[in-house]
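A.B. asks: Here it is, the structure in full.
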Amino acid sequence: MADLQQSGLPVSQRPRSVMALFGGDDTDTMPLWFNKNAFTASDFSSESYIADLRKFVPLETLRAELRSHLRLLKGELVELINRDYADFVNLSTKLVDVDGAVLRMRAPLSDLRSRLSSVKDSVKASLSALQDGLHRRADASHAREILELLLDTSHVVSKIEKLLAELKRMPEDSSSTSQSSKIVGMQPLSNGSVDDSAESVVSLEESRSRLLERIASEMNRLNFYVARIQDLPFVQNMENRIQSARMSLDASLRESFEVGLRQRNEAVIFRCLRGYAAIDNTQGAHEVFRLFVVSPIMEKVFLKETDAGPSDYLEDDFNEIKRHIEVDCKFLLDITIAANSGVQAFDFLGSSILKELHTSIQKNKPGAFSPGKPSIFLANYKASMNFLDHLEGYCQSKSAISTFRSQPAYLDFLKQWNLGVYFTLRFQEVAGDLDGALSATNLGRIADHSLGLALSPSAALERCLLKCWQPDVFVLSLSDKFLGLALQLMSRYSTWLLAGLEARQSGNNTNGMEWALGSSPEDLVLVKHDVELLSRMVKGTYLESIRNVFHSAPKEVLAAIEDSIQEGADKLIHVVPHITEALSDVFVKRSIEVLTQLKGITTTFRMTNKPLPVRHSSYVSGILHSIKAFLDGEYASYLSSEERLQFVAGIGERVTSRFHELAKELVTVTKKMESSLLRFRQGVQRVGTAGADSGESNISDTDKICKQLYLDVQEYGRRLRSIGVKAEELPVYIMLWQCVAPEAEKQGPIVL
């Protein structure tokens, strides 16, 4: 570097960079993808930088470029030092006597620090003194406040006692009450003396109520003071005086409120209510009104004598109570619900009327709440709900109704109606009725079923389904439970039918399924008729009645209810194919029993000299006799034309299939036996007879048997046609025909 400095060349004439002197790469020779400015970025990361560049160039090339750039940077650093070399050298020569300068600067700094410490201590002492003064001032202020509260408390107590003494000096309540009770019912005389006396009594009561309202206001102040200093000995020493004043005020308010209620003096009642509200004793006003007004009403209603004797029904009692409320209580309710009256906090509906009603019912008619008598219980419950709705009619807003419903008296009254027990009893009653009908050993036909159900179990199901929604059974608040009961009834009936049909098919005498084993075809037809009729009824009128019950429900809820009812009806109708199958089994079994006589054809013609048959066997007429008799009877009318065709087609196919099996087996066995006999008869010639018998002597027993089968199959085909089945179009009959027909006729059409 010294050599470069001493070369004497100006900076402008020196090489542009040291890297150029050493043959290194200059910046102009750097590739375009190499950006050296990326190294000075604040978020530079070597890993991400290398990862990005290696996508474009190999690592070896990148390493070479980085090393080249490093050499370039070192060269620039050397060039920079050489350019400012004189300044670097002078920097070390100017740093002389640094320690002395530091010592000279330390002395004033230490002096400044000591001054600041003294000022800090002075400020801290002043702050501590100031805070101490503030604490003493706060304590003094608190003590003054307590003292003022004590003085105010003592003053208010004395004032209340003075006002109570002034209240006692007024005329006695008994005299005023007796006078007012006499005066209220009098007619005014010509001289007006009665009016003057009544007005004086009313004025006296209004004065008393005004004074009581003032005392109550002072008592409210006293309660406020006492709540703040109740732990002080001064207040504890005055506790007896305070309690005595409260008791005197309560007694006086009670007497004045009773007088106001008796006289129906709105001014007196209003001031008494404001007095009760001021001392936060609304319950006291509720009790006075309950005992003085409501209780006599309840006694008059519940203790009256009737010619019919005592009854647990409450509807008449509720109606009479409504009239008494309108006459004897409405005036007070109007006062409490008046706008801006300041006495809306009172709840005479719940805490007085409903509470006393609840107590009176429990005392005079305890059986009214008992769910053990479901009819009486439901009638009383509905009457009580109507009565509650009537009471809510006195509320002027939704918030007032919500407040009324949240009152303890309202909730206690609702708790008396044990709807859970009521539903359990109704469930046992309804379900027991159906179970009793389903547990019978026979189906029990109904005498006149021309327009309705034909069997007792079906009628029991209909009766129970309808009973769930009858007004004397159904409760709206239990609608979900009654809906579930209706669905269970349908499911129980369907299960009972399926279990009976299964027992009938298996032949097991299951307990309670005796009806299925002993049912005739006519019974099964009636069962099918009832199931279809019940399904239509459930989807029709029954579903419509349920819609009327849930008309106010949301659409989603109503849709779910309709789906559940539809599902119950579908479950009923799904039993019909099983009933039809069981009915078919009856006739198929009877027909196959007759078909077993086919085996007697072998006995008839084997080893006998009977001539070739010319007519069908007698058993053929009995194969389809039972189904023919059924179709000609009255019970076939319960089958539609389409059902009838399907019914006889199914029976015909099953019987014909069995006929084919028996005929094929008989022909096969007969032919095998004929082959065996021919082997034994080889070389033996039958001695023939002359004349007409010579032709038949060549006919074998097998030919006779096959001929008889052919004649029987022809007649059977005609019998099938008589019940509505075209035998020539029945594939299994065609197989039967091919099995027994002579070779000459097998190729032609079937001739019946």
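Chain lettering (A, B, ...) mirrors the order of the structure tokens, residue numbering begins at 1 for each chain separately, and ligand numbering begins at 1 in order of display.
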I need the helix (DSSP H, G or I) residues of stretch 493-721 of chain A per DSSP on the backbone, written as an NGL selection string.
C.D. replies: :A and (493-506 or 514-517 or 521-549 or 555-573 or 576-605 or 620-623 or 625-632 or 634-638 or 641-680 or 693-696 or 701-721)
A.B. asks: Have a look at atom CA of A:Ala267 and atom CA of A:Gln344 and let me know their distance in Å, one decimal.
C.D. replies: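 Calculated distance between atom CA of A:Ala267 and atom CA of A:Gln344 is 15.9 Å.
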A.B. asks: Which of these, A:Asn380, A:Gln243, A:Ser252, A:Arg228, has the shortest distance to A:Ser209 once you count only C-alpha atoms?
C.D. replies: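 Of A:Asn380, A:Gln243, A:Ser252, A:Arg228, the one nearest A:Ser209 is A:Ser252, counting only C-alpha atoms.
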A.B. asks: Contacts of stretch 404-407 of chain A at 9 Å or less, counting only C-alpha atoms, minus same-chain residues fewer than 6 places along, as an MDAnalysis selection string?
C.D. replies: chainID A and resid 347 349:351 392 395
A.B. asks: Could the residues in this selection be saved with N, CA and C atoms as a PDB file, in the first residue's frame?
C.D. replies:
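Full text of again.pdb as output:
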ATOM      1  N   ASP A 347     -96.968  -6.967  42.709  1.00  0.00           N
ATOM      2  CA  ASP A 347     -97.490  -8.104  41.939  1.00  0.00           C
ATOM      3  C   ASP A 347     -98.653  -8.731  42.710  1.00  0.00           C
ATOM      4  N   LEU A 349    -101.340  -9.873  41.355  1.00  0.00           N
ATOM      5  CA  LEU A 349    -101.872 -11.016  40.618  1.00  0.00           C
ATOM      6  C   LEU A 349    -101.277 -12.329  41.110  1.00  0.00           C
ATOM      7  N   GLY A 350     -99.950 -12.350  41.226  1.00  0.00           N
ATOM      8  CA  GLY A 350     -99.299 -13.593  41.622  1.00  0.00           C
ATOM      9  C   GLY A 350     -99.171 -13.758  43.112  1.00  0.00           C
ATOM     10  N   SER A 351     -98.612 -12.738  43.792  1.00  0.00           N
ATOM     11  CA  SER A 351     -98.289 -12.875  45.212  1.00  0.00           C
ATOM     12  C   SER A 351     -99.510 -12.800  46.110  1.00  0.00           C
ATOM     13  N   GLU A 392    -103.364 -12.981  33.126  1.00  0.00           N
ATOM     14  CA  GLU A 392    -102.393 -12.296  32.279  1.00  0.00           C
ATOM     15  C   GLU A 392    -103.050 -11.181  31.475  1.00  0.00           C
ATOM     16  N   CYS A 395    -102.282  -7.735  32.617  1.00  0.00           N
ATOM     17  CA  CYS A 395    -100.953  -7.185  32.366  1.00  0.00           C
ATOM     18  C   CYS A 395    -101.001  -6.320  31.109  1.00  0.00           C
TER      19      CYS A 395
END
A.B. asks: Please list as number ranges by chain every residue within 12 Å of A:Gln416, counting only C-alpha atoms and excluding residues in the same chain fewer than 3 positions away.
C.D. replies: A: 358-359, 361-362, 366-371, 377, 380-381, 384, 409-413, 419-422
A.B. asks: Save the residues we just selected, C-alpha atoms, as a PDB file, in the first residue's frame?
C.D. replies:
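Writing the result to selection-v3.pdb gives the following:
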ATOM      1  CA  HIS A 358    -103.346 -22.141  45.441  1.00  0.00           C
ATOM      2  CA  THR A 359    -103.646 -22.348  49.222  1.00  0.00           C
ATOM      3  CA  ILE A 361    -107.488 -25.326  46.540  1.00  0.00           C
ATOM      4  CA  GLN A 362    -105.026 -27.347  48.598  1.00  0.00           C
ATOM      5  CA  PRO A 366    -106.924 -31.408  47.516  1.00  0.00           C
ATOM      6  CA  GLY A 367    -108.153 -33.993  45.015  1.00  0.00           C
ATOM      7  CA  ALA A 368    -108.256 -31.392  42.253  1.00  0.00           C
ATOM      8  CA  PHE A 369    -104.491 -31.709  41.798  1.00  0.00           C
ATOM      9  CA  SER A 370    -104.468 -35.506  41.867  1.00  0.00           C
ATOM     10  CA  PRO A 371    -103.663 -37.153  38.505  1.00  0.00           C
ATOM     11  CA  PHE A 377    -107.293 -33.646  36.626  1.00  0.00           C
ATOM     12  CA  ASN A 380    -109.013 -28.746  36.233  1.00  0.00           C
ATOM     13  CA  TYR A 381    -105.674 -28.272  34.481  1.00  0.00           C
ATOM     14  CA  SER A 384    -106.477 -23.397  35.569  1.00  0.00           C
ATOM     15  CA  ALA A 409     -96.405 -18.126  43.207  1.00  0.00           C
ATOM     16  CA  TYR A 410     -96.904 -18.745  39.499  1.00  0.00           C
ATOM     17  CA  LEU A 411     -94.180 -21.406  39.369  1.00  0.00           C
ATOM     18  CA  ASP A 412     -95.449 -23.113  42.538  1.00  0.00           C
ATOM     19  CA  PHE A 413     -98.948 -23.257  41.094  1.00  0.00           C
ATOM     20  CA  LEU A 419     -98.398 -33.821  33.885  1.00  0.00           C
ATOM     21  CA  GLY A 420     -95.810 -36.590  33.830  1.00  0.00           C
ATOM     22  CA  VAL A 421     -97.891 -38.814  36.082  1.00  0.00           C
ATOM     23  CA  TYR A 422    -101.032 -37.891  34.146  1.00  0.00           C
TER      24      TYR A 422
END
A.B. asks: Excluding stretch 661-667 of chain A and its own-chain neighbours fewer than 6 positions away, which residues fall within 12 Å of it when counting only C-alpha atoms? Please give them as a VMD selection string.
C.D. replies: chain A and resid 592 to 603 654 to 655 673 to 674 701 to 710 712 to 713 732 to 733 735 to 741
A.B. asks: With N, CA and C atoms retained, write the just-selected residues as a compact mmCIF listing (two decimals), in the first residue's frame.
C.D. replies:
# COMPACT_ATOMS: atom_id res chain seq x y z
N ILE A 592 -103.05 -78.67 -2.50
CA ILE A 592 -101.99 -79.69 -2.56
C ILE A 592 -102.41 -80.94 -1.80
N GLU A 593 -103.19 -80.76 -0.74
CA GLU A 593 -103.70 -81.94 -0.02
C GLU A 593 -104.58 -82.79 -0.94
N VAL A 594 -105.38 -82.14 -1.77
CA VAL A 594 -106.20 -82.88 -2.74
C VAL A 594 -105.32 -83.50 -3.81
N LEU A 595 -104.26 -82.80 -4.21
CA LEU A 595 -103.38 -83.30 -5.26
C LEU A 595 -102.68 -84.60 -4.86
N THR A 596 -102.51 -84.83 -3.60
CA THR A 596 -101.84 -86.07 -3.18
C THR A 596 -102.60 -87.32 -3.63
N GLN A 597 -103.91 -87.15 -3.96
CA GLN A 597 -104.68 -88.29 -4.45
C GLN A 597 -104.23 -88.73 -5.84
N LEU A 598 -103.42 -87.91 -6.47
CA LEU A 598 -102.90 -88.27 -7.80
C LEU A 598 -102.13 -89.58 -7.75
N LYS A 599 -101.51 -89.87 -6.64
CA LYS A 599 -100.72 -91.11 -6.55
C LYS A 599 -101.61 -92.36 -6.63
N GLY A 600 -102.90 -92.17 -6.39
CA GLY A 600 -103.81 -93.33 -6.49
C GLY A 600 -104.04 -93.80 -7.89
N ILE A 601 -103.66 -93.00 -8.88
CA ILE A 601 -103.82 -93.43 -10.27
C ILE A 601 -103.01 -94.69 -10.54
N THR A 602 -101.84 -94.79 -9.96
CA THR A 602 -101.00 -95.98 -10.15
C THR A 602 -101.71 -97.22 -9.62
N THR A 603 -102.30 -97.12 -8.49
CA THR A 603 -103.02 -98.26 -7.90
C THR A 603 -104.22 -98.63 -8.76
N ARG A 654 -98.53 -71.68 -8.06
CA ARG A 654 -97.94 -72.54 -7.02
C ARG A 654 -98.56 -73.95 -7.05
N VAL A 655 -99.89 -74.05 -7.22
CA VAL A 655 -100.54 -75.37 -7.26
C VAL A 655 -100.13 -76.12 -8.51
N MET A 673 -90.76 -98.58 -13.81
CA MET A 673 -91.36 -99.87 -13.44
C MET A 673 -91.77 -100.65 -14.68
N GLU A 674 -92.28 -99.96 -15.71
CA GLU A 674 -92.66 -100.64 -16.95
C GLU A 674 -91.44 -101.28 -17.61
N ASP A 701 -100.01 -100.59 -18.93
CA ASP A 701 -100.49 -99.84 -17.76
C ASP A 701 -99.91 -98.42 -17.77
N THR A 702 -98.70 -98.27 -18.24
CA THR A 702 -98.09 -96.94 -18.31
C THR A 702 -98.88 -96.02 -19.22
N ASP A 703 -99.32 -96.57 -20.34
CA ASP A 703 -100.13 -95.77 -21.26
C ASP A 703 -101.43 -95.35 -20.62
N LYS A 704 -102.04 -96.25 -19.85
CA LYS A 704 -103.29 -95.91 -19.18
C LYS A 704 -103.06 -94.81 -18.14
N ILE A 705 -101.98 -94.96 -17.38
CA ILE A 705 -101.69 -93.96 -16.35
C ILE A 705 -101.42 -92.60 -16.98
N CYS A 706 -100.62 -92.60 -18.04
CA CYS A 706 -100.33 -91.33 -18.72
C CYS A 706 -101.58 -90.74 -19.33
N LYS A 707 -102.44 -91.61 -19.86
CA LYS A 707 -103.70 -91.11 -20.43
C LYS A 707 -104.56 -90.48 -19.35
N GLN A 708 -104.60 -91.13 -18.19
CA GLN A 708 -105.39 -90.57 -17.09
C GLN A 708 -104.82 -89.22 -16.63
N LEU A 709 -103.51 -89.15 -16.54
CA LEU A 709 -102.89 -87.88 -16.17
C LEU A 709 -103.19 -86.80 -17.20
N TYR A 710 -103.17 -87.18 -18.46
CA TYR A 710 -103.47 -86.21 -19.51
C TYR A 710 -104.88 -85.67 -19.39
N ASP A 712 -106.64 -85.62 -16.66
CA ASP A 712 -106.70 -84.83 -15.42
C ASP A 712 -106.12 -83.42 -15.64
N VAL A 713 -105.02 -83.37 -16.37
CA VAL A 713 -104.40 -82.07 -16.61
C VAL A 713 -105.30 -81.20 -17.48
N VAL A 732 -95.75 -72.70 -16.20
CA VAL A 732 -95.64 -73.95 -15.47
C VAL A 732 -96.70 -74.96 -15.93
N TYR A 733 -97.85 -74.47 -16.38
CA TYR A 733 -98.88 -75.39 -16.90
C TYR A 733 -98.42 -75.97 -18.23
N MET A 735 -95.41 -76.61 -19.02
CA MET A 735 -94.48 -77.69 -18.66
C MET A 735 -95.24 -78.93 -18.21
N LEU A 736 -96.30 -78.75 -17.45
CA LEU A 736 -97.11 -79.88 -17.01
C LEU A 736 -97.76 -80.58 -18.21
N TRP A 737 -98.26 -79.80 -19.15
CA TRP A 737 -98.88 -80.35 -20.36
C TRP A 737 -97.86 -81.17 -21.16
N GLN A 738 -96.68 -80.61 -21.32
CA GLN A 738 -95.64 -81.31 -22.06
C GLN A 738 -95.24 -82.61 -21.38
N CYS A 739 -95.41 -82.64 -20.08
CA CYS A 739 -94.99 -83.83 -19.31
C CYS A 739 -95.95 -85.00 -19.52
N VAL A 740 -97.26 -84.73 -19.68
CA VAL A 740 -98.25 -85.81 -19.70
C VAL A 740 -98.94 -85.97 -21.05
N ALA A 741 -98.82 -85.03 -21.94
CA ALA A 741 -99.52 -85.12 -23.23
C ALA A 741 -98.91 -86.18 -24.11
A.B. asks: In Å, how far is it from atom CA of A:Ser439 to atom CA of A:Gly568?
C.D. replies: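 Computing it gives 21.4 Å between the two atoms.
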A.B. asks: Which neighbours of A:Glu239 fall inside 10 Å, counting only C-alpha atoms, when residues of the same chain fewer than 5 positions from it are skipped, and could you give them as a list in words?
C.D. replies: Val226, Gln230, Pro233, Phe234, Ser244 and Ala245 of chain A
A.B. asks: Kindly save the residues from that selection, with N, CA and C atoms included, as a PDB file, in the first residue's frame.
C.D. replies:
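Output below, filename again-v7.pdb:
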ATOM      1  N   VAL A 226     -78.301   3.539  57.832  1.00  0.00           N
ATOM      2  CA  VAL A 226     -77.939   2.370  58.659  1.00  0.00           C
ATOM      3  C   VAL A 226     -77.123   1.372  57.848  1.00  0.00           C
ATOM      4  N   GLN A 230     -73.785   0.347  59.786  1.00  0.00           N
ATOM      5  CA  GLN A 230     -74.483  -0.604  60.637  1.00  0.00           C
ATOM      6  C   GLN A 230     -73.553  -1.306  61.635  1.00  0.00           C
ATOM      7  N   PRO A 233     -70.961   0.970  66.972  1.00  0.00           N
ATOM      8  CA  PRO A 233     -71.697   0.794  68.242  1.00  0.00           C
ATOM      9  C   PRO A 233     -72.870   1.757  68.388  1.00  0.00           C
ATOM     10  N   PHE A 234     -72.716   2.966  67.831  1.00  0.00           N
ATOM     11  CA  PHE A 234     -73.795   3.951  67.951  1.00  0.00           C
ATOM     12  C   PHE A 234     -75.091   3.409  67.325  1.00  0.00           C
ATOM     13  N   SER A 244     -88.403  -0.633  66.690  1.00  0.00           N
ATOM     14  CA  SER A 244     -89.714  -0.187  67.197  1.00  0.00           C
ATOM     15  C   SER A 244     -90.392   0.738  66.190  1.00  0.00           C
ATOM     16  N   ALA A 245     -89.598   1.635  65.577  1.00  0.00           N
ATOM     17  CA  ALA A 245     -90.165   2.532  64.576  1.00  0.00           C
ATOM     18  C   ALA A 245     -90.646   1.752  63.352  1.00  0.00           C
TER      19      ALA A 245
END
A.B. asks: Could you list, as a list in words, every residue within 8 Å of A:Met219, counting only C-alpha atoms and ignoring same-chain residues fewer than 3 positions away?
C.D. replies: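 Residues meeting the cut-off are Val156, Ile160, Ile215, Ala216, Leu222, Asn223, Arg246, Ala278 and Ile279 of chain A.
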A.B. asks: Write the residues of the preceding selection, restricted to C-alpha atoms, as an mmCIF file, in the first residue's frame.
C.D. replies:
data_model
loop_
_atom_site.group_PDB
_atom_site.id
_atom_site.type_symbol
_atom_site.label_atom_id
_atom_site.label_comp_id
_atom_site.auth_asym_id
_atom_site.auth_seq_id
_atom_site.Cartn_x
_atom_site.Cartn_y
_atom_site.Cartn_z
ATOM 1 C CA VAL A 156 -83.940 10.854 61.186
ATOM 2 C CA ILE A 160 -89.564 9.337 62.612
ATOM 3 C CA ILE A 215 -92.718 8.545 57.508
ATOM 4 C CA ALA A 216 -91.955 5.802 54.995
ATOM 5 C CA LEU A 222 -82.817 5.801 57.726
ATOM 6 C CA ASN A 223 -82.310 2.442 56.035
ATOM 7 C CA ARG A 246 -90.279 -0.062 61.781
ATOM 8 C CA ALA A 278 -90.287 3.314 49.885
ATOM 9 C CA ILE A 279 -89.381 0.893 52.667
#
A.B. asks: State, in Å with one decimal place, the distance from atom CA of A:Leu150 to atom CA of A:Glu218.
C.D. replies: 15.0 Å
A.B. asks: Rank A:Asn508, A:Gln236, A:Gln566, A:Ser217 by their smallest atom-to-atom distance to A:Leu543, using only C-alpha atoms, and report the top residue only.
C.D. replies: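 Among A:Asn508, A:Gln236, A:Gln566, A:Ser217, it is A:Gln566 that comes nearest to A:Leu543.
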A.B. asks: Where does stretch 445-474 of chain A meet stretch 490-493 of chain A within 12 Å, residue by residue, with the nearest atom pair and distance in Å to one decimal for each, counting only C-alpha atoms, listed by chain and rising number, as a tab-separated table?
C.D. replies:
residue	atom	partner	partner_atom	distance
A:Pro457	CA	A:Tyr493	CA	8.3
A:Ser458	CA	A:Tyr493	CA	8.2
A:Ala459	CA	A:Tyr493	CA	11.2
A:Ala460	CA	A:Tyr493	CA	9.9
A:Leu461	CA	A:Tyr493	CA	7.3
A:Glu462	CA	A:Met490	CA	9.4
A:Arg463	CA	A:Met490	CA	11.8
A:Cys464	CA	A:Met490	CA	9.8
A:Leu465	CA	A:Met490	CA	8.2
A:Leu466	CA	A:Met490	CA	11.9
